[in-house]
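Have a look at my_file.tsv; it's TSV, C-alpha atoms and all ligand atoms:
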chain	number	residue	atom	x	y	z
A	1	MET	CA	-8.46	-31.58	-6.91
A	2	ASP	CA	-8.54	-27.96	-7.92
A	3	GLN	CA	-11.60	-27.28	-5.80
A	4	PRO	CA	-10.24	-24.39	-3.75
A	5	LYS	CA	-9.86	-22.42	-6.92
A	6	ALA	CA	-13.29	-23.31	-8.24
A	7	PRO	CA	-14.69	-20.06	-9.67
A	8	SER	CA	-17.82	-20.13	-7.57
A	9	ARG	CA	-15.88	-20.66	-4.38
A	10	LEU	CA	-13.67	-17.68	-5.16
A	11	HIS	CA	-16.79	-15.69	-5.88
A	12	LEU	CA	-18.28	-16.60	-2.51
A	13	TRP	CA	-15.04	-15.59	-0.83
A	14	ARG	CA	-15.10	-12.20	-2.54
A	15	PHE	CA	-18.51	-11.52	-1.07
A	16	VAL	CA	-17.51	-12.81	2.38
A	17	ARG	CA	-14.41	-10.60	2.44
A	18	GLY	CA	-16.43	-7.59	1.43
A	19	ASP	CA	-14.70	-7.27	-1.94
A	20	GLU	CA	-17.92	-7.64	-3.88
A	21	PRO	CA	-20.93	-5.39	-3.32
A	22	SER	CA	-24.23	-7.07	-2.50
A	23	PRO	CA	-26.16	-6.25	-5.72
A	24	ALA	CA	-23.53	-7.84	-7.96
A	25	PHE	CA	-23.25	-10.84	-5.69
A	26	GLU	CA	-27.01	-11.31	-5.50
A	27	GLN	CA	-27.28	-11.25	-9.26
A	28	TRP	CA	-24.52	-13.81	-9.63
A	29	ALA	CA	-25.91	-16.08	-6.91
A	30	TYR	CA	-29.30	-16.35	-8.58
A	31	GLN	CA	-27.68	-17.26	-11.85
A	32	ASP	CA	-25.28	-19.98	-10.70
A	33	PRO	CA	-27.04	-23.35	-11.07
A	34	THR	CA	-24.32	-25.26	-9.16
A	35	LEU	CA	-24.64	-23.27	-5.98
A	36	GLN	CA	-27.35	-25.33	-4.31
A	37	THR	CA	-25.36	-28.54	-4.68
A	38	GLN	CA	-22.26	-26.83	-3.34
A	39	LEU	CA	-23.77	-25.13	-0.34
A	40	GLY	CA	-26.36	-27.70	0.64
A	41	ALA	CA	-30.07	-26.99	0.93
A	42	ASP	CA	-30.02	-25.02	4.21
A	43	LEU	CA	-27.28	-22.58	3.41
A	44	HIS	CA	-28.55	-22.13	-0.13
A	45	LEU	CA	-32.01	-21.34	1.16
A	46	ALA	CA	-30.52	-18.82	3.60
A	47	LEU	CA	-28.69	-17.22	0.70
A	48	ILE	CA	-31.58	-16.90	-1.72
A	49	SER	CA	-33.97	-15.70	0.97
A	50	THR	CA	-31.57	-12.97	2.17
A	51	ASP	CA	-32.79	-9.42	1.77
A	52	PHE	CA	-29.72	-7.86	0.20
A	53	TYR	CA	-30.95	-4.36	1.06
A	54	ASP	CA	-30.83	-5.20	4.76
A	55	ALA	CA	-27.29	-4.62	6.04
A	56	GLU	CA	-27.76	-6.84	9.06
A	57	ALA	CA	-29.07	-9.72	6.97
A	58	VAL	CA	-26.16	-9.35	4.56
A	59	TRP	CA	-23.72	-9.35	7.45
A	60	SER	CA	-25.14	-12.52	8.93
A	61	LEU	CA	-25.08	-14.21	5.53
A	62	ARG	CA	-21.41	-13.28	5.21
A	63	GLU	CA	-20.77	-14.83	8.61
A	64	ARG	CA	-22.49	-18.07	7.67
A	65	LEU	CA	-20.82	-18.32	4.30
A	66	GLY	CA	-17.48	-17.44	5.91
A	67	SER	CA	-17.64	-20.27	8.41
A	68	TYR	CA	-18.74	-22.64	5.65
A	69	LEU	CA	-15.83	-21.61	3.41
A	70	ARG	CA	-13.28	-21.85	6.21
A	71	SER	CA	-14.43	-25.39	6.97
A	72	LEU	CA	-13.52	-26.56	3.46
A	73	PRO	CA	-10.12	-28.06	2.70
A	74	GLY	CA	-7.86	-25.68	0.80
A	75	PRO	CA	-4.28	-24.50	0.38
A	76	ARG	CA	-2.39	-23.75	3.56
A	77	CYS	CA	-1.95	-20.06	2.72
A	78	ARG	CA	-4.15	-17.13	3.80
A	79	CYS	CA	-4.51	-15.53	0.37
A	80	VAL	CA	-8.17	-16.23	-0.17
A	81	ARG	CA	-8.99	-14.74	3.22
A	82	LEU	CA	-7.21	-11.46	2.57
A	83	ARG	CA	-9.17	-8.60	1.05
A	84	ASP	CA	-8.18	-7.39	-2.40
A	85	ARG	CA	-6.44	-4.55	-0.57
A	86	ASP	CA	-5.32	-5.47	2.86
A	87	ILE	CA	-2.82	-4.68	5.55
A	88	VAL	CA	-0.71	-7.19	7.43
A	89	ASP	CA	1.16	-6.04	10.51
A	90	MET	CA	4.71	-7.17	11.00
A	91	GLY	CA	4.61	-9.26	14.14
A	92	SER	CA	1.20	-10.30	15.33
A	93	PHE	CA	-1.79	-9.66	13.16
A	94	ASN	CA	-4.09	-7.83	15.52
A	95	ALA	CA	-6.08	-5.83	13.04
A	96	PRO	CA	-9.69	-5.28	14.02
A	97	ALA	CA	-11.07	-8.36	12.32
A	98	PRO	CA	-14.39	-8.36	10.59
A	99	VAL	CA	-16.90	-10.60	12.34
A	100	PHE	CA	-16.67	-13.28	9.71
A	101	GLU	CA	-12.94	-13.58	10.45
A	102	GLN	CA	-12.97	-13.95	14.22
A	103	ASP	CA	-9.87	-16.07	14.22
A	104	ARG	CA	-7.85	-13.63	12.18
A	105	GLU	CA	-5.06	-13.45	14.67
A	106	TRP	CA	-2.28	-14.41	12.36
A	107	SER	CA	1.31	-13.42	12.53
A	108	HIS	CA	2.73	-11.89	9.39
A	109	GLU	CA	4.57	-15.16	8.81
A	110	ASP	CA	1.23	-16.90	8.39
A	111	VAL	CA	0.52	-14.61	5.49
A	112	MET	CA	3.96	-13.86	4.06
A	113	ASP	CA	5.72	-17.21	4.32
A	114	THR	CA	4.16	-18.52	1.13
A	115	LEU	CA	4.67	-15.27	-0.80
A	116	ALA	CA	7.72	-15.66	-2.97
A	117	GLU	CA	9.24	-12.53	-4.46
A	118	VAL	CA	8.87	-12.39	-8.22
A	119	ARG	CA	10.35	-8.97	-8.87
A	120	ARG	CA	11.41	-5.84	-7.06
A	121	ARG	CA	10.53	-2.39	-8.27
A	122	GLY	CA	14.01	-1.13	-7.49
A	123	GLU	CA	15.31	2.29	-6.49
A	124	PRO	CA	13.96	4.73	-5.63
A	125	ARG	CA	10.93	2.60	-4.75
A	126	TRP	CA	12.81	0.18	-2.51
A	127	TRP	CA	9.64	-0.75	-0.61
A	128	LEU	CA	7.77	-2.22	-3.54
A	129	TRP	CA	7.75	-5.80	-4.82
A	130	ALA	CA	5.60	-8.34	-6.56
A	131	ALA	CA	5.02	-11.82	-5.20
A	132	ARG	CA	3.37	-15.07	-6.05
A	133	CYS	CA	2.00	-17.48	-3.48
A	134	THR	CA	3.71	-20.84	-3.60
A	135	ALA	CA	0.62	-22.56	-2.20
A	136	CYS	CA	-2.22	-21.16	-4.33
A	137	ASP	CA	-0.50	-19.17	-7.12
A	138	GLN	CA	-2.18	-15.89	-6.22
A	139	ALA	CA	-0.10	-12.86	-7.19
A	140	TRP	CA	0.29	-9.82	-4.93
A	141	LEU	CA	1.69	-6.34	-5.05
A	142	VAL	CA	3.45	-5.71	-1.77
A	143	GLY	CA	4.56	-2.46	-0.17
A	144	SER	CA	6.78	-2.97	2.88
A	145	GLU	CA	6.26	-0.07	5.26
A	146	GLU	CA	9.09	-0.62	7.72
A	147	ARG	CA	9.82	2.93	8.76
A	148	GLN	CA	6.78	4.02	10.69
A	149	ASN	CA	4.02	1.49	11.33
A	150	ASP	CA	5.77	-1.78	10.44
A	151	LEU	CA	3.25	-3.31	8.10
A	152	TYR	CA	2.80	-4.76	4.66
A	153	CYS	CA	0.30	-3.21	2.28
A	154	LEU	CA	-1.08	-5.84	-0.06
A	155	ARG	CA	-3.01	-5.56	-3.30
A	156	ARG	CA	-4.25	-8.61	-5.18
A	157	LEU	CA	-2.92	-8.82	-8.73
A	158	ASP	CA	-4.51	-10.68	-11.60
A	159	GLU	CA	-2.40	-12.71	-14.00
A	160	LYS	CA	-2.37	-9.97	-16.62
A	161	GLU	CA	-1.04	-7.45	-14.13
A	162	LEU	CA	1.67	-9.82	-12.94
A	163	ARG	CA	2.71	-10.53	-16.52
A	164	ALA	CA	2.98	-6.80	-17.23
A	165	ILE	CA	5.32	-6.49	-14.25
A	166	GLU	CA	7.42	-9.49	-15.25
A	167	ASP	CA	7.60	-8.90	-18.98
A	168	GLU	CA	7.43	-5.12	-19.33
A	169	ASP	CA	8.33	-3.81	-15.89
A	170	ARG	CA	4.92	-2.10	-15.90
A	171	TRP	CA	3.57	-1.75	-12.35
A	172	PRO	CA	0.21	-0.75	-10.91
A	173	GLN	CA	0.67	2.61	-9.22
A	174	ASP	CA	-1.16	1.81	-5.98
A	175	PHE	CA	1.88	1.86	-3.73
A	176	ASP	CA	4.19	3.99	-5.85
A	177	SER	CA	4.65	6.60	-3.16
A	178	TYR	CA	5.79	5.91	0.36
A	179	GLU	CA	3.40	8.59	1.50
A	180	ARG	CA	0.56	6.38	0.25
A	181	LEU	CA	1.72	3.50	2.48
A	182	LEU	CA	1.76	5.84	5.47
A	183	HIS	CA	-1.77	7.00	4.60
A	184	LEU	CA	-3.02	3.41	4.37
A	185	GLY	CA	-1.52	2.56	7.75
A	186	ARG	CA	-3.13	5.61	9.26
A	187	GLU	CA	-6.50	4.86	7.68
A	188	ALA	CA	-6.28	1.39	9.20
A	189	GLY	CA	-5.78	2.93	12.63
A	190	ARG	CA	-2.04	2.35	13.04
A	191	ARG	CA	-0.45	5.07	15.18
A	192	VAL	CA	3.11	4.16	16.03
A	193	ARG	CA	5.00	6.70	18.13
A	194	PHE	CA	8.75	6.69	18.44
A	195	ALA	CA	10.08	6.67	21.99
A	196	ASP	CA	12.71	9.26	21.14
A	197	PRO	CA	11.66	11.05	17.95
A	198	LEU	CA	14.64	13.41	17.95
A	199	ASP	CA	16.97	10.46	17.94
A	200	SER	CA	15.22	8.39	15.28
A	201	SER	CA	14.99	7.98	11.53
A	202	LEU	CA	12.01	10.36	11.40
A	203	ASP	CA	13.95	13.25	9.89
A	204	CYS	CA	15.23	10.95	7.12
A	205	THR	CA	11.68	9.76	6.45
A	206	MET	CA	10.55	13.38	6.29
A	207	ALA	CA	13.33	14.22	3.87
A	208	ASP	CA	12.31	11.31	1.63
A	209	LEU	CA	8.66	12.36	1.71
A	210	ALA	CA	9.61	15.93	0.84
A	211	ARG	CA	11.90	14.74	-1.93
A	212	ALA	CA	8.98	12.79	-3.43
A	213	ARG	CA	6.62	15.76	-2.99
A	214	PRO	CA	8.50	19.04	-2.62
A	215	GLY	CA	6.64	21.58	-0.51
A	216	ILE	CA	4.75	18.98	1.54
A	217	LYS	CA	3.23	20.74	4.54
A	218	VAL	CA	4.59	20.22	8.00
A	219	GLY	CA	1.02	19.55	9.18
A	220	GLU	CA	0.77	16.68	6.71
A	221	LEU	CA	4.06	15.26	7.94
A	222	ALA	CA	2.87	15.52	11.53
A	223	SER	CA	-0.27	13.58	10.67
A	224	LEU	CA	1.46	10.92	8.58
A	225	LEU	CA	4.13	10.32	11.19
A	226	ASN	CA	1.90	10.69	14.24
A	227	LEU	CA	3.78	13.65	15.70
A	228	ASP	CA	2.80	16.80	17.56
A	229	ILE	CA	3.06	19.81	15.29
A	230	ASP	CA	5.91	21.48	17.18
A	231	LEU	CA	7.98	18.35	17.19
A	232	ALA	CA	7.19	17.79	13.52
A	233	ALA	CA	8.37	21.32	12.77
A	234	GLU	CA	11.64	20.79	14.58
A	235	LEU	CA	12.29	17.56	12.70
A	236	ALA	CA	11.20	19.15	9.44
A	237	ARG	CA	13.73	21.96	9.84
A	238	ARG	CA	16.40	19.38	10.42
A	239	ALA	CA	15.24	17.42	7.37
A	240	GLU	CA	15.45	20.61	5.28
A	241	ARG	CA	18.93	21.40	6.54
A	242	GLN	CA	20.38	17.94	6.18
A	243	GLY	CA	18.37	16.61	3.26
A	244	GLY	CA	18.31	19.74	1.09
A	245	VAL	CA	14.53	19.45	0.66
A	246	THR	CA	11.66	21.94	0.79
A	247	ILE	CA	8.91	21.67	3.38
A	248	SER	CA	6.09	24.16	3.73
A	249	PHE	CA	5.65	25.69	7.18
A	250	ASP	CA	2.73	27.95	6.21
A	251	GLU	CA	0.05	26.37	8.33
A	252	GLN	CA	2.13	25.98	11.40
A	253	SER	CA	0.92	28.06	14.32
A	254	SER	CA	3.98	28.20	16.52
A	255	GLY	CA	7.52	27.13	16.61
A	301	ZN	ZN	-1.92	-18.36	-1.43

Show me the file's structure as structure tokens.
Amino acid sequence: MDQPKAPSRLHLWRFVRGDEPSPAFEQWAYQDPTLQTQLGADLHLALISTDFYDAEAVWSLRERLGSYLRSLPGPRCRCVRLRDRDIVDMGSFNAPAPVFEQDREWSHEDVMDTLAEVRRRGEPRWWLWAARCTACDQAWLVGSEERQNDLYCLRRLDEKELRAIEDEDRWPQDFDSYERLLHLGREAGRRVRFADPLDSSLDCTMADLARARPGIKVGELASLLNLDIDLAAELARRAERQGGVTISFDEQSSG
């Protein structure tokens, strides 16, 4: 009954998600004697005859394997379908989905409802926590980015990493800085703009970012927080005044 966690199925998922590069996957696939029985003759033939140097062929194999894997019974959670590092928007999940995940229009509840908090990192890193899925046992590092883009940054944890967190309070550093969460949101194309930036929490966010990295440039703040440079400068001056932090204005052209 533990089929969904069968090692080869997890391996196939890693490839489908794009978490495993083709050469490593190809090598593994040729060496696993159980694969033909699992996949059936057609799909197995498609796999072993794929030219793994041909991006299009690899993509179409991922599609086929993806629809096969999704058709199998499994836990009700979404863990296995999330990449090792992934982003889940608060509200509807409208991330540009890879082709093999056409129906990836989940709400964050679909993903987060089975993630039970195991431990919080605590101040000053209030955004960071570790979770375990109640449906499949997968552990996750979670960064809640609620100030700018409203999203969760997720990073798959192995059992050793979760134990280090639980037993020794030793955490992977992936989401240690809030700035990193903002970067990840930006890299994923999230560009939230506040309706009234001058009457928002933006100056507090700036102050926190500058406290974590004194001398951060106003241009960097503008980019992270999706602001025009002049507006960013105005907010940055306010953050300096009220937060007692240092922001660098060197590269600013006007203001
Ligand atoms: Zn799960």

Restricting to all atoms listed in the file, whichever of A:Leu231, A:Ala188, A:Cys153, A:Val118 is closest to Asp167 (chain A) is A:Val118

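All residues of protein, DNA or RNA that reach within 8 Å of Arg155 (chain A), judged by all atoms listed in the file and not counting those fewer than 3 positions away in the chain, are Asp84, Arg85, Asp86, Trp140, Leu141 and Val142 of chain A.
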
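Around ligand ZN 301 (chain A), using only C-alpha atoms and all ligand atoms and a cut-off of 9 Å, the residues in contact are A:Pro75, A:Arg76, A:Cys77, A:Arg78, A:Cys79, A:Val80, A:Val111, A:Thr114, A:Leu115, A:Arg132, A:Cys133, A:Thr134, A:Ala135, A:Cys136, A:Asp137, A:Gln138, A:Ala139.
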
Surrounding residues of Leu235 (chain A) excluding itself and chain neighbours under 6 positions, 9 Å, all atoms listed in the file, as a list in words:
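Near Leu235 (chain A), the qualifying residues are Pro197, Leu198, Leu202, Asp203 and Met206 of chain A.
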
Leaving out Ser22 (chain A) and any residue of its chain fewer than 3 positions from it, which residues lie within 8 Å of it when counting only C-alpha atoms, given as a PyMOL selection string?
chain A and resi 15+25-26+52+58

Quick one, how far is CA of Glu240 (chain A) from CA of Gly189 (chain A)?
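Separation between CA of Glu240 (chain A) and CA of Gly189 (chain A): 28.6 Å.
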
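Minimum atom-to-atom distance to Pro21 (chain A), evaluated using all atoms listed in the file, belongs to A:Arg62 out of A:Arg62, A:Arg163, A:Arg121, A:Arg213.
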
Selected residue of minimal separation from Asp176 (chain A) among A:Ala236, A:Leu10, A:Leu72, A:Leu128, counting all atoms listed in the file:
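Looking only at the distances to Asp176 (chain A), the closest residue turns out to be A:Leu128.
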
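With distances taken over all atoms listed in the file, A:Gln173 is the one residue among A:Asn226, A:Ser144, A:Gln173, A:Ser201 lying closest to Leu157 (chain A).
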
Surrounding residues of Leu35 (chain A) excluding itself and chain neighbours under 3 positions, 8 Å, all atoms listed in the file, as a PDB file with C-alpha atoms, keeping the file's coordinate frame:
ATOM      1  CA  SER A   8     -17.820 -20.130  -7.570  1.00  0.00           C
ATOM      2  CA  ALA A  29     -25.910 -16.080  -6.910  1.00  0.00           C
ATOM      3  CA  ASP A  32     -25.280 -19.980 -10.700  1.00  0.00           C
ATOM      4  CA  GLN A  38     -22.260 -26.830  -3.340  1.00  0.00           C
ATOM      5  CA  LEU A  39     -23.770 -25.130  -0.340  1.00  0.00           C
ATOM      6  CA  HIS A  44     -28.550 -22.130  -0.130  1.00  0.00           C
TER       7      HIS A  44
END

So that I can check the surroundings of Ile229 (chain A), please list as an NGL selection string every protein, DNA and RNA residue that reaches within 8 Å of it, counting all atoms listed in the file and ignoring chain neighbours fewer than 2 positions away.
:A and (218-219 or 222 or 227 or 231-233 or 252)

Give as JSON, numbers by chain every residue, naming chains and numbers as the document does, that has an atom within 12 Å of (-23.6, -8.3, 7.5), counting all atoms listed in the file.
{"A": [15, 16, 17, 18, 21, 22, 50, 51, 52, 53, 54, 55, 56, 57, 58, 59, 60, 61, 62, 63, 64, 65, 66, 98, 99, 100]}

Between CA of Leu154 (chain A) and CA of Leu82 (chain A) - distance in Å to one decimal
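Spanning CA of Leu82 (chain A) to CA of Leu154 (chain A) is a straight-line distance of 8.7 Å.
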
Two-atom distance - CA of Ala210 (chain A), CA of Ala195 (chain A) (Å)
23.1 Å
